[in-house]
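Student: Here you go, this is upload39.cif (mmCIF, C-alpha atoms and all ligand atoms).
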```
data_entry
#
loop_
_atom_site.label_atom_id
_atom_site.label_comp_id
_atom_site.auth_asym_id
_atom_site.auth_seq_id
_atom_site.Cartn_x
_atom_site.Cartn_y
_atom_site.Cartn_z
CA MET Y 20 101.91 100.46 100.66
CA ILE Y 21 99.94 103.09 98.71
CA GLN Y 22 98.58 106.46 99.70
CA THR Y 23 96.95 109.34 97.88
CA GLU Y 24 96.73 112.92 99.16
CA HIS Y 25 94.14 115.30 97.71
CA LEU Y 26 94.34 113.54 94.38
CA SER Y 27 92.50 115.10 91.44
CA LYS Y 28 92.28 114.16 87.79
CA THR Y 29 90.89 116.25 84.96
CA PHE Y 30 90.56 115.04 81.39
CA ARG Y 31 90.60 117.57 78.58
CA ALA Y 32 89.28 116.43 75.21
CA GLU Y 33 88.89 119.19 72.61
CA GLU Y 34 86.90 121.91 74.42
CA VAL Y 35 85.39 119.61 77.01
CA GLU Y 36 86.81 119.27 80.50
CA THR Y 37 85.80 116.38 82.73
CA ILE Y 38 86.74 116.29 86.39
CA ALA Y 39 87.04 112.57 87.05
CA LEU Y 40 88.52 112.73 90.57
CA ARG Y 41 88.27 115.47 93.19
CA ASP Y 42 90.45 115.62 96.29
CA VAL Y 43 90.67 111.86 96.92
CA THR Y 44 92.73 110.91 99.97
CA ILE Y 45 93.10 107.19 100.73
CA HIS Y 46 95.62 104.96 102.42
CA VAL Y 47 95.97 101.25 101.72
CA PRO Y 48 98.43 99.49 104.04
CA PRO Y 49 100.25 96.35 102.89
CA GLY Y 50 98.12 93.20 102.90
CA GLU Y 51 94.76 94.96 102.82
CA PHE Y 52 91.91 94.02 100.45
CA VAL Y 53 89.94 97.14 99.51
CA ALA Y 54 86.84 97.36 97.31
CA ILE Y 55 85.92 100.56 95.45
CA MET Y 56 82.23 101.01 94.65
CA GLY Y 57 80.10 103.74 93.10
CA PRO Y 58 77.88 104.50 90.10
CA SER Y 59 79.09 104.32 86.52
CA GLY Y 60 81.23 107.32 85.55
CA CYS Y 61 82.12 108.31 89.14
CA GLY Y 62 85.87 107.86 88.60
CA LYS Y 63 86.55 104.31 89.80
CA SER Y 64 88.61 103.22 86.79
CA THR Y 65 90.44 106.55 86.72
CA LEU Y 66 91.48 106.06 90.36
CA LEU Y 67 92.52 102.46 89.79
CA ASN Y 68 94.56 103.41 86.71
CA ILE Y 69 96.42 106.04 88.72
CA LEU Y 70 97.02 103.60 91.59
CA GLY Y 71 98.30 101.10 88.99
CA LEU Y 72 100.67 103.70 87.49
CA LEU Y 73 98.88 103.48 84.16
CA ASP Y 74 98.04 107.17 84.41
CA ALA Y 75 99.16 110.21 86.43
CA PRO Y 76 97.09 112.60 88.57
CA THR Y 77 96.48 116.24 87.55
CA SER Y 78 97.11 117.45 91.11
CA GLY Y 79 97.66 115.99 94.54
CA ARG Y 80 100.16 113.34 95.51
CA TYR Y 81 100.44 109.60 95.03
CA LEU Y 82 102.88 107.85 97.33
CA PHE Y 83 104.00 104.32 96.47
CA ASP Y 84 105.95 102.58 99.23
CA GLY Y 85 106.39 106.06 100.71
CA ALA Y 86 107.91 107.59 97.56
CA ASP Y 87 106.12 110.37 95.69
CA VAL Y 88 105.46 109.03 92.19
CA SER Y 89 102.86 111.68 91.19
CA ALA Y 90 105.10 113.40 88.69
CA PHE Y 91 106.62 110.24 87.21
CA LYS Y 92 106.70 110.14 83.43
CA GLU Y 93 105.27 107.15 81.63
CA ARG Y 94 108.64 105.45 81.28
CA GLU Y 95 109.39 105.71 85.01
CA ARG Y 96 105.91 104.45 85.87
CA THR Y 97 106.35 101.46 83.57
CA ARG Y 98 109.66 100.62 85.21
CA LEU Y 99 108.17 100.82 88.70
CA ARG Y 100 105.17 98.66 87.70
CA LYS Y 101 107.24 95.73 86.49
CA GLY Y 102 106.94 92.73 88.75
CA VAL Y 103 105.36 94.84 91.50
CA ILE Y 104 101.85 95.56 90.23
CA GLY Y 105 99.46 93.11 88.55
CA PHE Y 106 96.40 94.53 86.78
CA VAL Y 107 93.19 92.59 86.00
CA PHE Y 108 90.70 94.18 83.58
CA GLN Y 109 86.98 93.52 83.21
CA SER Y 110 87.44 92.85 79.49
CA PHE Y 111 90.38 90.46 80.08
CA ASN Y 112 92.65 92.36 77.60
CA LEU Y 113 94.34 89.20 76.36
CA ILE Y 114 96.32 89.31 73.12
CA ASP Y 115 94.36 87.43 70.46
CA ASP Y 116 97.38 86.24 68.49
CA LEU Y 117 99.14 84.73 71.49
CA ASN Y 118 98.16 81.42 73.04
CA VAL Y 119 97.52 80.92 76.76
CA ARG Y 120 101.15 80.25 77.66
CA GLU Y 121 102.43 83.20 75.62
CA ASN Y 122 99.88 85.60 77.14
CA ILE Y 123 100.81 84.61 80.68
CA GLU Y 124 104.54 84.78 79.93
CA LEU Y 125 104.45 88.42 78.71
CA PRO Y 126 105.24 90.22 82.00
CA LEU Y 127 108.21 87.90 82.58
CA LEU Y 128 109.52 88.60 79.07
CA TYR Y 129 109.29 92.36 79.74
CA MET Y 130 111.24 91.80 82.95
CA GLY Y 131 113.96 89.93 81.08
CA GLU Y 132 113.62 86.69 83.06
CA SER Y 133 115.49 83.62 81.84
CA ALA Y 134 113.70 80.96 79.79
CA ALA Y 135 113.96 78.44 82.64
CA SER Y 136 112.50 80.84 85.19
CA ARG Y 137 109.72 81.86 82.79
CA LYS Y 138 108.80 78.26 82.17
CA LYS Y 139 108.63 77.46 85.89
CA LYS Y 140 106.58 80.51 86.83
CA VAL Y 141 104.15 80.17 83.90
CA ARG Y 142 103.61 76.51 84.83
CA GLU Y 143 102.88 77.45 88.45
CA ALA Y 144 100.46 80.23 87.47
CA MET Y 145 98.63 77.94 85.03
CA ASP Y 146 98.30 75.16 87.61
CA ARG Y 147 97.07 77.66 90.14
CA MET Y 148 94.40 79.02 87.81
CA GLU Y 149 93.52 75.52 86.57
CA ILE Y 150 94.11 76.29 82.91
CA SER Y 151 97.09 74.03 82.25
CA HIS Y 152 94.99 71.89 79.89
CA ARG Y 153 94.46 74.98 77.67
CA VAL Y 154 98.11 75.97 77.24
CA LYS Y 155 98.06 75.95 73.42
CA HIS Y 156 94.61 77.49 73.07
CA PHE Y 157 94.02 81.02 71.82
CA PRO Y 158 91.74 83.45 73.70
CA ARG Y 159 88.89 83.05 71.17
CA GLN Y 160 88.82 79.29 71.92
CA LEU Y 161 88.20 79.87 75.64
CA SER Y 162 85.08 80.65 77.66
CA GLY Y 163 84.85 83.98 79.48
CA GLY Y 164 85.70 82.31 82.78
CA GLN Y 165 88.78 80.68 81.27
CA GLN Y 166 89.88 83.96 79.67
CA GLN Y 167 89.65 85.76 83.00
CA ARG Y 168 91.66 82.98 84.67
CA VAL Y 169 94.35 83.44 82.01
CA ALA Y 170 94.24 87.21 82.60
CA ILE Y 171 94.67 86.68 86.35
CA ALA Y 172 97.50 84.21 85.75
CA ARG Y 173 99.20 86.92 83.65
CA ALA Y 174 98.59 89.52 86.37
CA VAL Y 175 100.08 87.35 89.12
CA VAL Y 176 102.80 85.37 87.29
CA ALA Y 177 105.54 87.75 88.45
CA ARG Y 178 104.18 87.53 92.02
CA PRO Y 179 103.27 91.22 92.36
CA ARG Y 180 102.83 92.74 95.82
CA LEU Y 181 99.90 94.84 94.60
CA ILE Y 182 96.99 93.47 92.58
CA LEU Y 183 94.52 95.90 91.03
CA ALA Y 184 91.32 94.54 89.53
CA ASP Y 185 88.76 96.63 87.60
CA GLU Y 186 85.39 94.83 87.79
CA PRO Y 187 87.09 91.44 87.42
CA THR Y 188 83.79 89.53 87.54
CA GLY Y 189 81.84 92.02 85.42
CA ASN Y 190 81.79 89.81 82.33
CA LEU Y 191 81.43 86.48 84.13
CA ASP Y 192 78.50 84.33 85.22
CA SER Y 193 78.05 83.81 88.95
CA ARG Y 194 79.93 80.49 89.12
CA ASN Y 195 83.03 81.82 87.31
CA GLY Y 196 82.72 85.08 89.24
CA LEU Y 197 82.86 83.20 92.52
CA GLU Y 198 85.96 81.29 91.37
CA VAL Y 199 87.71 84.53 90.48
CA MET Y 200 86.81 86.05 93.85
CA ASN Y 201 88.08 82.96 95.66
CA LEU Y 202 91.37 83.22 93.77
CA LEU Y 203 91.77 86.92 94.63
CA SER Y 204 90.95 86.15 98.24
CA GLU Y 205 93.60 83.40 98.35
CA LEU Y 206 96.23 85.72 96.84
CA ASN Y 207 95.36 88.30 99.50
CA LYS Y 208 95.73 85.71 102.28
CA GLU Y 209 99.18 84.93 100.87
CA GLY Y 210 100.16 88.56 101.35
CA ALA Y 211 99.19 90.48 98.20
CA THR Y 212 97.58 93.89 98.70
CA ILE Y 213 94.41 94.11 96.59
CA VAL Y 214 92.35 97.04 95.37
CA MET Y 215 89.28 95.97 93.39
CA VAL Y 216 86.58 98.00 91.66
CA THR Y 217 83.23 96.25 91.72
CA HIS Y 218 79.51 96.80 91.21
CA SER Y 219 78.70 93.71 93.23
CA ARG Y 220 77.93 93.90 96.96
CA HIS Y 221 78.62 90.18 97.08
CA ASP Y 222 82.14 90.62 95.64
CA ALA Y 223 82.77 93.60 97.92
CA GLY Y 224 82.09 91.23 100.83
CA PHE Y 225 85.47 89.60 100.15
CA ALA Y 226 87.23 92.88 101.00
CA SER Y 227 88.03 94.20 104.46
CA ARG Y 228 87.01 97.76 103.56
CA VAL Y 229 84.74 99.39 101.00
CA ILE Y 230 85.47 102.87 99.64
CA ASN Y 231 82.49 104.58 98.02
CA LEU Y 232 83.04 107.14 95.28
CA PHE Y 233 80.43 109.55 93.96
CA ASP Y 234 81.07 112.11 91.25
CA GLY Y 235 84.83 111.81 91.69
CA GLN Y 236 84.74 112.21 95.46
CA LEU Y 237 85.21 109.78 98.27
CA VAL Y 238 81.88 109.77 100.09
CA THR Y 239 82.04 106.98 102.68
CA GLU Y 240 84.30 104.22 103.86
CA THR Y 241 82.93 101.07 105.42
CA ILE Y 242 85.02 98.60 107.38
CA LEU Y 243 83.65 95.09 106.92
P1 LIG V 301 83.92 104.59 86.28
O1 LIG V 301 85.03 103.61 86.14
O2 LIG V 301 83.54 104.88 87.70
O3 LIG V 301 82.71 104.21 85.47
P2 LIG V 301 85.73 106.41 84.89
O4 LIG V 301 86.86 106.56 85.83
O5 LIG V 301 85.92 105.50 83.74
O6 LIG V 301 84.39 106.02 85.71
O7 LIG V 301 85.34 107.84 84.32
C1 LIG V 301 85.14 108.99 85.15
C2 LIG V 301 84.82 110.19 84.27
O8 LIG V 301 85.96 110.54 83.50
C3 LIG V 301 83.70 109.92 83.25
O9 LIG V 301 82.96 111.11 83.11
C4 LIG V 301 84.46 109.58 81.99
O10 LIG V 301 83.69 109.91 80.86
C5 LIG V 301 85.68 110.46 82.10
N1 LIG V 301 86.87 109.87 81.46
C6 LIG V 301 87.48 108.72 81.80
N2 LIG V 301 88.56 108.48 81.02
C7 LIG V 301 88.63 109.53 80.15
C8 LIG V 301 89.53 109.91 79.11
N3 LIG V 301 90.58 109.14 78.78
N4 LIG V 301 89.27 111.04 78.43
C9 LIG V 301 88.22 111.84 78.75
N5 LIG V 301 87.35 111.56 79.73
C10 LIG V 301 87.54 110.42 80.43
MG MG V 302 85.16 101.80 85.14
#
```
Could the structure of this file be written out as structure tokens, please?
Ligand code: ADP
Ligand code: MG
Tutor:
Amino acid sequence: MIQTEHLSKTFRAEEVETIALRDVTIHVPPGEFVAIMGPSGCGKSTLLNILGLLDAPTSGRYLFDGADVSAFKERERTRLRKGVIGFVFQSFNLIDDLNVRENIELPLLYMGESAASRKKKVREAMDRMEISHRVKHFPRQLSGGQQQRVAIARAVVARPRLILADEPTGNLDSRNGLEVMNLLSELNKEGATIVMVTHSRHDAGFASRVINLFDGQLVTETIL
């Protein structure tokens, strides 16, 4: 499903150059659940953002479904992402002024789905994430666990084939964290490919393979 070849990423801010990724080559076949681990600042989010087509590499290749998307401009990346990739952030990234239903509906609106189809899919995603009783609530009225369930509902409402999650349990207590991991695990069993960044060995145990990054480089891979 996704493959990188000698991927590197350098950020330039003013005079300062940061090499965030160096020569990263990975292959994630369809249906796999991969965890990415490593110390803070080692490039995990940078890699996930590139895999999620939120950013582009400086050099090397990124192949998505076999097609080289490395040089895609932002507009082409956005088009390719739609309905195919769902992204879950540690900080939820919900829109404060939209209620639960409106937040979850956003990807479907961007995809131009009909009102009837949006209604059906939002209802299914809310039932699935057990937040249907909060449909009219705004993010600030929800607990952290509820906010992350809304964020996951938004990430999966269009039934993406690839789910990327950046420390999805990082801001949750252990009970809510376990619920989120169970949900991701279920989505994987139903066929979604998942790449998840985590600091937690426990969460990584839900994956079938752990990729360890250090200072922008892939250091070890462990098959679980
Ligand atoms: P991690 O997620 O593993 O903590 P990141 O991928 O966020 O690490 O960051 C890797 C390195 O790249 C860090 O040194 C970070 O400061 C730098 N970096 C990340 N994003 C940017 C950016 N937009 N501009 C400049 N430097 C960045
Ligand atoms: Mg990060």
Student: Which residues are near Asp234 in chain Y? Cut-off 9 Å, all atoms listed in the file, ignore same chain within fewer than 4 positions. Put them as a PyMOL selection string.
Tutor: chain Y and resi 38-41+57-58+60-62
Student: With only C-alpha atoms as the counted atoms, please give the residues lying no more than 10 Å from Leu127 in chain Y, apart from itself and same-chain residues fewer than 5 positions off, as a list of chain:residue names.
Tutor: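 Residues meeting the cut-off are Y:Lys101, Y:Gly102, Y:Glu132, Y:Ser133, Y:Ala134, Y:Ser136, Y:Arg137, Y:Lys138, Y:Lys140, Y:Val141, Y:Arg173, Y:Val176, Y:Ala177.
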Student: Under the rule that all atoms listed in the file are counted, which of Y:Leu191, Y:Ile114, Y:Ile150, Y:Ile171 is the nearest residue to Leu203 in chain Y?
Tutor: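 Ranked by minimum distance to Leu203 in chain Y, first place goes to Y:Ile171.
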Student: One decimal, in Å: what's the spacing between CA of Ala32 in chain Y and CA of Glu95 in chain Y?
Tutor: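 These two atoms are separated by 24.8 Å.
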Student: Set the cut-off to 12 Å, count all atoms listed in the file, and list whatever residues fall near ligand MG 302 (chain V) as a ChimeraX atom specification.
Tutor: /Y:39,55-68,108-110,184-187,189,215-218,232,235
Student: So which one's closest to ligand LIG 301 (chain V), Y:Arg31, Y:His25, Y:Arg194, Y:Arg100? Using all atoms listed in the file, please.
Tutor: Y:Arg31
Student: Which residue out of Y:Glu51, Y:Asp115, Y:Asp87, Y:Asp42 has the minimum interatomic distance to Asn207 in chain Y when all atoms listed in the file are used?
Tutor: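 For Asn207 in chain Y, the nearest of the candidates is Y:Glu51.
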Student: Work out how far apart CA of Asp84 in chain Y and CA of Thr212 in chain Y are and give it in Å to one decimal.
Tutor: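 Atom-to-atom, CA of Asp84 in chain Y to CA of Thr212 in chain Y, that is 12.1 Å.
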Student: Find the smallest box with edges along x, y and z containing every listed atom of ligand LIG 301 (chain V), then add 8 Å on each side and report centre and edge lengths in Å to one decimal, as JSON.
Tutor:
```
{"center_x": 86.6, "center_y": 107.7, "center_z": 83.1, "size_x": 23.9, "size_y": 24.2, "size_z": 25.3}
```
Student: Find the residues near Val88 in chain Y: any atom within 10 Å, counting all atoms listed in the file, skip ones fewer than 4 places away on the same chain, and give them as a list in words.
Tutor: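 Skipping anything fewer than 4 positions along the chain leaves Leu72, Ala75, Pro76, Arg80, Tyr81, Leu82, Phe83, Asp84, Lys92, Glu95, Arg96 and Leu99 of chain Y.
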Student: I'd like the interatomic distance between CA of Pro48 in chain Y and atom O5 of ligand LIG 301 (chain V), to a tenth of an Å.
Tutor: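 Atom O5 of ligand LIG 301 (chain V) lies at a distance of 24.6 Å from CA of Pro48 in chain Y.
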Student: Using all atoms listed in the file, which residue out of Y:Pro179, Y:Tyr129, Y:Arg142, Y:Met20 lies closest to Gly50 in chain Y?
Tutor: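 The shortest atom-to-atom distance to Gly50 in chain Y comes from Y:Met20.
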Student: Kindly provide, as a PDB file with C-alpha atoms, keeping the file's coordinate frame, the polymer residues lying within 6 Å of (94.9, 111.5, 98.3), counting all atoms listed in the file and using the coordinates exactly as they appear in the file.
Tutor:
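As written to disk, selection01.pdb reads:
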```pdb
ATOM      1  CA  THR Y  23      96.950 109.340  97.880  1.00  0.00           C
ATOM      2  CA  GLU Y  24      96.730 112.920  99.160  1.00  0.00           C
ATOM      3  CA  HIS Y  25      94.140 115.300  97.710  1.00  0.00           C
ATOM      4  CA  LEU Y  26      94.340 113.540  94.380  1.00  0.00           C
ATOM      5  CA  VAL Y  43      90.670 111.860  96.920  1.00  0.00           C
ATOM      6  CA  THR Y  44      92.730 110.910  99.970  1.00  0.00           C
ATOM      7  CA  ILE Y  45      93.100 107.190 100.730  1.00  0.00           C
TER       8      ILE Y  45
END
```
Student: If we count all atoms listed in the file, what is near Asn201 in chain Y at a cut-off of 9 Å, once residues fewer than 5 positions away on the same chain are taken out, given as a short mmCIF file (atom, residue, chain, number, x, y, z; two decimals) with C-alpha atoms, keeping the file's coordinate frame?
Tutor:
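Heads up, here's the output in result_6.cif:
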```
data_model
loop_
_atom_site.label_atom_id
_atom_site.label_comp_id
_atom_site.auth_asym_id
_atom_site.auth_seq_id
_atom_site.Cartn_x
_atom_site.Cartn_y
_atom_site.Cartn_z
CA GLY Y 196 82.72 85.08 89.24
CA LEU Y 206 96.23 85.72 96.84
CA PHE Y 225 85.47 89.60 100.15
#
```
Student: Restricting the calculation to only C-alpha atoms: of Y:Gly131, Y:Pro158, Y:Asp74, Y:Ser151, which residue gets closest to Leu113 in chain Y?
Tutor: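 For Leu113 in chain Y, the nearest of the candidates is Y:Pro158.
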Student: List every protein, DNA or RNA residue that has at least one atom no more than 9 Å from (80.6, 83.2, 80.9) in the file's coordinates, counting all atoms listed in the file, and write the result as a short mmCIF file (atom, residue, chain, number, x, y, z; two decimals) with C-alpha atoms, in the frame of the given file.
Tutor:
```
data_model
loop_
_atom_site.label_atom_id
_atom_site.label_comp_id
_atom_site.auth_asym_id
_atom_site.auth_seq_id
_atom_site.Cartn_x
_atom_site.Cartn_y
_atom_site.Cartn_z
CA SER Y 162 85.08 80.65 77.66
CA GLY Y 163 84.85 83.98 79.48
CA GLY Y 164 85.70 82.31 82.78
CA GLN Y 165 88.78 80.68 81.27
CA ASN Y 190 81.79 89.81 82.33
CA LEU Y 191 81.43 86.48 84.13
CA ASP Y 192 78.50 84.33 85.22
CA SER Y 193 78.05 83.81 88.95
CA ARG Y 194 79.93 80.49 89.12
CA ASN Y 195 83.03 81.82 87.31
CA GLY Y 196 82.72 85.08 89.24
#
```
Student: Mind filling out range 96-109 of chain Y with N, CA, C and O atoms and sending it as a CSV table (one decimal), in the coordinates of the input?
Tutor:
```
chain,number,residue,atom,x,y,z
Y,96,ARG,N,107.0,105.2,85.3
Y,96,ARG,CA,105.9,104.4,85.9
Y,96,ARG,C,106.0,103.0,85.4
Y,96,ARG,O,105.8,102.1,86.2
Y,97,THR,N,106.3,102.8,84.1
Y,97,THR,CA,106.4,101.5,83.6
Y,97,THR,C,107.4,100.7,84.3
Y,97,THR,O,107.2,99.5,84.6
Y,98,ARG,N,108.6,101.3,84.5
Y,98,ARG,CA,109.7,100.6,85.2
Y,98,ARG,C,109.3,100.2,86.6
Y,98,ARG,O,109.5,99.1,87.0
Y,99,LEU,N,108.6,101.1,87.3
Y,99,LEU,CA,108.2,100.8,88.7
Y,99,LEU,C,107.1,99.7,88.8
Y,99,LEU,O,107.1,98.9,89.7
Y,100,ARG,N,106.3,99.6,87.8
Y,100,ARG,CA,105.2,98.7,87.7
Y,100,ARG,C,105.7,97.2,87.6
Y,100,ARG,O,105.1,96.3,88.2
Y,101,LYS,N,106.7,97.1,86.8
Y,101,LYS,CA,107.2,95.7,86.5
Y,101,LYS,C,107.4,94.8,87.7
Y,101,LYS,O,108.2,95.1,88.6
Y,102,GLY,N,106.7,93.7,87.7
Y,102,GLY,CA,106.9,92.7,88.8
Y,102,GLY,C,106.4,93.1,90.1
Y,102,GLY,O,106.3,92.3,91.0
Y,103,VAL,N,105.8,94.4,90.2
Y,103,VAL,CA,105.4,94.8,91.5
Y,103,VAL,C,103.8,95.0,91.5
Y,103,VAL,O,103.2,94.7,92.5
Y,104,ILE,N,103.3,95.4,90.3
Y,104,ILE,CA,101.8,95.6,90.2
Y,104,ILE,C,101.3,94.6,89.2
Y,104,ILE,O,101.8,94.5,88.1
Y,105,GLY,N,100.2,93.9,89.5
Y,105,GLY,CA,99.5,93.1,88.6
Y,105,GLY,C,98.1,93.7,88.3
Y,105,GLY,O,97.4,94.1,89.3
Y,106,PHE,N,97.7,93.9,87.1
Y,106,PHE,CA,96.4,94.5,86.8
Y,106,PHE,C,95.4,93.6,86.1
Y,106,PHE,O,95.8,92.9,85.1
Y,107,VAL,N,94.2,93.5,86.6
Y,107,VAL,CA,93.2,92.6,86.0
Y,107,VAL,C,92.1,93.5,85.5
Y,107,VAL,O,91.5,94.3,86.2
Y,108,PHE,N,91.7,93.3,84.2
Y,108,PHE,CA,90.7,94.2,83.6
Y,108,PHE,C,89.4,93.4,83.4
Y,108,PHE,O,89.4,92.2,83.3
Y,109,GLN,N,88.3,94.2,83.4
Y,109,GLN,CA,87.0,93.5,83.2
Y,109,GLN,C,86.9,92.8,81.9
Y,109,GLN,O,86.4,91.7,81.8
```
